[in-house]
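Listing of entry.json; format and content: JSON, C-alpha atoms.
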[["chain", "number", "residue", "atom", "x", "y", "z"],
["K", 1, "MET", "CA", 24.81, 83.88, 129.66],
["K", 2, "ASN", "CA", 25.14, 87.26, 127.96],
["K", 3, "TYR", "CA", 26.43, 87.71, 124.41],
["K", 4, "LYS", "CA", 29.47, 89.71, 123.33],
["K", 5, "GLY", "CA", 30.36, 90.99, 119.90],
["K", 6, "VAL", "CA", 31.41, 93.90, 117.74],
["K", 7, "ILE", "CA", 29.26, 96.43, 115.92],
["K", 8, "ILE", "CA", 30.68, 99.01, 113.53],
["K", 9, "GLU", "CA", 28.90, 102.26, 114.26],
["K", 10, "GLU", "CA", 29.18, 103.47, 110.67],
["K", 11, "SER", "CA", 27.30, 100.37, 109.49],
["K", 12, "LEU", "CA", 24.14, 101.56, 111.22],
["K", 13, "GLU", "CA", 21.53, 103.85, 109.68],
["K", 14, "ASN", "CA", 19.86, 104.08, 113.07],
["K", 15, "LYS", "CA", 22.51, 104.34, 115.79],
["K", 16, "GLU", "CA", 19.84, 104.37, 118.54],
["K", 17, "VAL", "CA", 20.08, 100.59, 118.75],
["K", 18, "LEU", "CA", 23.52, 101.00, 120.39],
["K", 19, "LYS", "CA", 21.74, 102.45, 123.44],
["K", 20, "GLU", "CA", 20.00, 99.11, 124.00],
["K", 21, "MET", "CA", 23.20, 97.23, 124.83],
["K", 22, "ALA", "CA", 26.24, 97.78, 127.02],
["K", 23, "ILE", "CA", 29.22, 99.21, 125.16],
["K", 24, "LEU", "CA", 32.30, 97.65, 126.75],
["K", 25, "SER", "CA", 34.87, 99.47, 124.62],
["K", 26, "ALA", "CA", 35.27, 101.41, 121.40],
["K", 27, "LYS", "CA", 38.12, 101.56, 118.91],
["K", 28, "VAL", "CA", 38.46, 103.79, 115.85],
["K", 29, "GLU", "CA", 40.42, 102.55, 112.89],
["K", 30, "PRO", "CA", 41.11, 104.27, 109.58],
["K", 31, "VAL", "CA", 39.49, 102.78, 106.51],
["K", 32, "THR", "CA", 41.86, 101.22, 103.98],
["K", 33, "GLU", "CA", 41.23, 99.84, 100.52],
["K", 34, "LYS", "CA", 40.94, 96.35, 102.03],
["K", 35, "HIS", "CA", 37.84, 97.46, 104.00],
["K", 36, "LYS", "CA", 35.91, 97.96, 100.73],
["K", 37, "THR", "CA", 34.06, 100.98, 102.13],
["K", 38, "PRO", "CA", 35.50, 103.93, 100.16],
["K", 39, "TRP", "CA", 32.62, 106.19, 101.22],
["K", 40, "LEU", "CA", 34.01, 106.18, 104.79],
["K", 41, "LYS", "CA", 37.20, 107.55, 106.35],
["K", 42, "LYS", "CA", 37.00, 105.53, 109.58],
["K", 43, "TRP", "CA", 35.27, 102.65, 111.33],
["K", 44, "THR", "CA", 34.23, 102.88, 114.98],
["K", 45, "LEU", "CA", 34.19, 99.36, 116.39],
["K", 46, "HIS", "CA", 32.09, 98.97, 119.52],
["K", 47, "THR", "CA", 32.57, 95.86, 121.61],
["K", 48, "VAL", "CA", 29.12, 95.26, 123.04],
["K", 49, "GLU", "CA", 27.34, 93.03, 125.52],
["K", 50, "VAL", "CA", 23.75, 91.92, 124.91],
["K", 51, "SER", "CA", 21.66, 90.31, 127.62],
["K", 52, "GLU", "CA", 20.60, 86.75, 126.89],
["K", 53, "ASN", "CA", 16.89, 87.51, 127.30],
["K", 54, "GLN", "CA", 17.05, 90.37, 124.75],
["K", 55, "ALA", "CA", 19.30, 88.74, 122.14],
["K", 56, "ASP", "CA", 16.57, 87.87, 119.61],
["K", 57, "GLU", "CA", 14.98, 91.31, 119.86],
["K", 58, "ILE", "CA", 18.30, 93.19, 119.64],
["K", 59, "ALA", "CA", 19.42, 91.06, 116.68],
["K", 60, "LYS", "CA", 16.25, 92.03, 114.78],
["K", 61, "LYS", "CA", 16.73, 95.70, 115.63],
["K", 62, "ILE", "CA", 20.34, 95.61, 114.45],
["K", 63, "SER", "CA", 19.24, 93.86, 111.25],
["K", 64, "ASN", "CA", 16.70, 96.61, 110.57],
["K", 65, "SER", "CA", 19.28, 99.30, 111.41],
["K", 66, "LEU", "CA", 22.12, 98.16, 109.14],
["K", 67, "ASP", "CA", 22.97, 100.39, 106.18],
["K", 68, "SER", "CA", 20.70, 99.72, 103.22],
["K", 69, "GLU", "CA", 22.30, 102.25, 100.89],
["K", 70, "HIS", "CA", 25.44, 100.26, 100.09],
["K", 71, "GLY", "CA", 24.02, 96.95, 98.93],
["K", 72, "GLY", "CA", 23.74, 95.33, 102.34],
["K", 73, "SER", "CA", 27.50, 95.04, 102.60],
["K", 74, "TRP", "CA", 27.57, 95.03, 106.40],
["K", 75, "TYR", "CA", 27.07, 92.50, 109.14],
["K", 76, "ALA", "CA", 27.29, 92.47, 112.92],
["K", 77, "ASP", "CA", 27.64, 89.55, 115.27],
["K", 78, "PHE", "CA", 27.58, 88.55, 118.90],
["K", 79, "LYS", "CA", 27.86, 85.22, 120.66],
["K", 80, "ASN", "CA", 28.05, 83.36, 123.93],
["K", 81, "ASP", "CA", 29.05, 79.75, 124.64],
["K", 82, "LYS", "CA", 25.87, 78.34, 123.09],
["K", 83, "PHE", "CA", 24.82, 80.51, 120.15],
["K", 84, "HIS", "CA", 26.31, 82.90, 117.61],
["K", 85, "TYR", "CA", 24.12, 85.54, 116.01],
["K", 86, "VAL", "CA", 25.34, 86.74, 112.62],
["K", 87, "ILE", "CA", 23.23, 89.68, 111.52],
["K", 88, "PHE", "CA", 22.79, 91.10, 108.03],
["K", 89, "ARG", "CA", 20.32, 93.69, 106.75],
["K", 90, "ASP", "CA", 16.90, 91.99, 106.98],
["K", 91, "LYS", "CA", 18.37, 88.54, 107.80],
["K", 92, "VAL", "CA", 19.55, 87.03, 111.08],
["K", 93, "PHE", "CA", 21.34, 83.70, 111.45],
["K", 94, "LYS", "CA", 21.44, 82.03, 114.87],
["K", 95, "VAL", "CA", 24.16, 79.39, 114.78],
["K", 96, "ASP", "CA", 24.06, 76.62, 117.39],
["K", 97, "LEU", "CA", 27.68, 76.33, 118.52],
["K", 98, "SER", "CA", 27.24, 72.70, 119.61],
["K", 99, "ASN", "CA", 27.06, 71.88, 115.89],
["K", 100, "ALA", "CA", 28.36, 75.04, 114.23],
["K", 101, "LYS", "CA", 27.69, 75.16, 110.52],
["K", 102, "TYR", "CA", 28.62, 78.44, 108.85],
["K", 103, "ARG", "CA", 28.56, 77.58, 105.14],
["K", 104, "GLU", "CA", 25.10, 79.12, 104.56],
["K", 105, "VAL", "CA", 26.08, 82.22, 106.54],
["K", 106, "MET", "CA", 29.34, 82.62, 104.60],
["K", 107, "GLU", "CA", 27.64, 82.11, 101.25],
["K", 108, "TYR", "CA", 24.96, 84.63, 102.14],
["K", 109, "GLY", "CA", 27.51, 87.26, 103.19],
["K", 110, "ILE", "CA", 29.57, 86.73, 100.05],
["K", 111, "SER", "CA", 26.40, 86.99, 97.91],
["K", 112, "LEU", "CA", 25.93, 90.48, 99.36],
["K", 113, "GLY", "CA", 29.42, 91.50, 98.25],
["K", 114, "ILE", "CA", 31.13, 91.19, 101.63],
["K", 115, "PRO", "CA", 34.71, 90.01, 101.06],
["K", 116, "TRP", "CA", 35.22, 86.49, 102.45],
["K", 117, "TYR", "CA", 38.15, 87.69, 104.58],
["K", 118, "GLN", "CA", 35.80, 90.02, 106.48],
["K", 119, "LEU", "CA", 33.59, 87.04, 107.37],
["K", 120, "ASP", "CA", 36.23, 85.95, 109.86],
["K", 121, "PHE", "CA", 33.73, 84.68, 112.46],
["K", 122, "SER", "CA", 33.71, 81.19, 110.96],
["K", 123, "PRO", "CA", 36.13, 78.37, 111.63],
["K", 124, "GLU", "CA", 35.47, 77.51, 107.98],
["K", 125, "ILE", "CA", 37.39, 80.64, 106.91],
["K", 126, "GLU", "CA", 40.45, 78.49, 106.21],
["K", 127, "GLU", "CA", 38.46, 76.61, 103.56],
["K", 128, "TRP", "CA", 37.51, 79.89, 101.86],
["K", 129, "LYS", "CA", 41.15, 81.04, 101.89],
["K", 130, "ARG", "CA", 42.07, 78.05, 99.73],
["K", 131, "LYS", "CA", 39.44, 78.90, 97.08]]
Now that the file is in, can you turn its structure into structure tokens?
Amino acid sequence: MNYKGVIIEESLENKEVLKEMAILSAKVEPVTEKHKTPWLKKWTLHTVEVSENQADEIAKKISNSLDSEHGGSWYADFKNDKFHYVIFRDKVFKVDLSNAKYREVMEYGISLGIPWYQLDFSPEIEEWKRK
């Protein structure tokens, strides 16, 4: 089963990786203070589809393509019914959805300076809201 997810174009140093997956839709949204990316005016959110047999390879390519200039403050993700890839610069997490544990992923993202509310892929987000 193929994977679907969202990649922010402006998060990529090398946008060529977008050519290796199907772009299902794109949406542009203006950057606000809440986005914590004051060096940008907009985000272009691409909803993508990644074939199951290329998921590991594409995840590594995305990881190597994410912006390194701004402290690794980006991530991308895609998932299917079995696995969820959460991709940071130079680090990829593959979460087994049959026993989804996101604490390590959340802690890693927060350690990079990503606001917890942007790590909204996790069902554990409610726990972080209470902190």
Just give me the gap between CA of Ser51 in chain K and CA of Leu112 in chain K in Å, one decimal is fine.
->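 For CA of Ser51 in chain K relative to CA of Leu112 in chain K, the distance reads 28.6 Å.
The coordinates place CA of Asp120 in chain K at 11.3 Å from CA of Val105 in chain K.
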Give me the residues near Lys94 in chain K as a PDB file with C-alpha atoms, in the coordinates of the input, where near means some atom within 10 Å (using only C-alpha atoms) and where sequence neighbours in that chain fewer than 3 positions away do not count.
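Okay, selection-v9.pdb is ready:
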ATOM      1  CA  ASP K  56      16.570  87.870 119.610  1.00  0.00           C
ATOM      2  CA  ALA K  59      19.420  91.060 116.680  1.00  0.00           C
ATOM      3  CA  ASP K  77      27.640  89.550 115.270  1.00  0.00           C
ATOM      4  CA  PHE K  78      27.580  88.550 118.900  1.00  0.00           C
ATOM      5  CA  LYS K  79      27.860  85.220 120.660  1.00  0.00           C
ATOM      6  CA  PHE K  83      24.820  80.510 120.150  1.00  0.00           C
ATOM      7  CA  HIS K  84      26.310  82.900 117.610  1.00  0.00           C
ATOM      8  CA  TYR K  85      24.120  85.540 116.010  1.00  0.00           C
ATOM      9  CA  VAL K  86      25.340  86.740 112.620  1.00  0.00           C
ATOM     10  CA  ILE K  87      23.230  89.680 111.520  1.00  0.00           C
ATOM     11  CA  LEU K  97      27.680  76.330 118.520  1.00  0.00           C
ATOM     12  CA  ALA K 100      28.360  75.040 114.230  1.00  0.00           C
ATOM     13  CA  VAL K 105      26.080  82.220 106.540  1.00  0.00           C
TER      14      VAL K 105
END
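Among K:Ser98, K:Ser25, K:Asn80, K:Thr44, the residue with the shortest atom-to-atom distance to Lys4 in chain K, counting all atoms listed in the file, is K:Asn80.
Minimum atom-to-atom distances from K:Glu52, K:Glu104, K:Leu24, K:Thr37 to Ser11 in chain K were compared using all atoms listed in the file, and the lowest value belongs to K:Thr37.
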Can you work out the spacing between CA of Ser65 in chain K and CA of Lys19 in chain K in Å, to one decimal?
-> 12.7 Å
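Taking all atoms listed in the file into account, Thr47 in chain K lies nearest to K:Val6 out of the set K:Leu12, K:Ala22, K:Val17, K:Val6.
Distance check against Leu45 in chain K using only C-alpha atoms: of K:Glu10, K:Ile62, K:Thr32, K:Phe93, the minimum falls on K:Glu10.
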Counting all atoms listed in the file, the residue of K:Glu16, K:Ser73, K:Pro115, K:Lys82 that sits nearest Tyr3 in chain K |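 With all atoms listed in the file as the atom set, the closest residue is K:Lys82.
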Excluding Pro30 in chain K and any residue of its chain fewer than 5 positions from it, enumerate the residues within 9 Å of it, using all atoms listed in the file, and give them as JSON, numbers by chain.
-> {"K": [40, 41, 42, 43, 44]}
Keeping only C-alpha atoms, take the residues you just selected and write them out as an mmCIF file, keeping the file's coordinate frame.
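Once written, result35.cif looks like this:
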data_model
loop_
_atom_site.group_PDB
_atom_site.id
_atom_site.type_symbol
_atom_site.label_atom_id
_atom_site.label_comp_id
_atom_site.auth_asym_id
_atom_site.auth_seq_id
_atom_site.Cartn_x
_atom_site.Cartn_y
_atom_site.Cartn_z
ATOM 1 C CA LEU K 40 34.010 106.180 104.790
ATOM 2 C CA LYS K 41 37.200 107.550 106.350
ATOM 3 C CA LYS K 42 37.000 105.530 109.580
ATOM 4 C CA TRP K 43 35.270 102.650 111.330
ATOM 5 C CA THR K 44 34.230 102.880 114.980
#
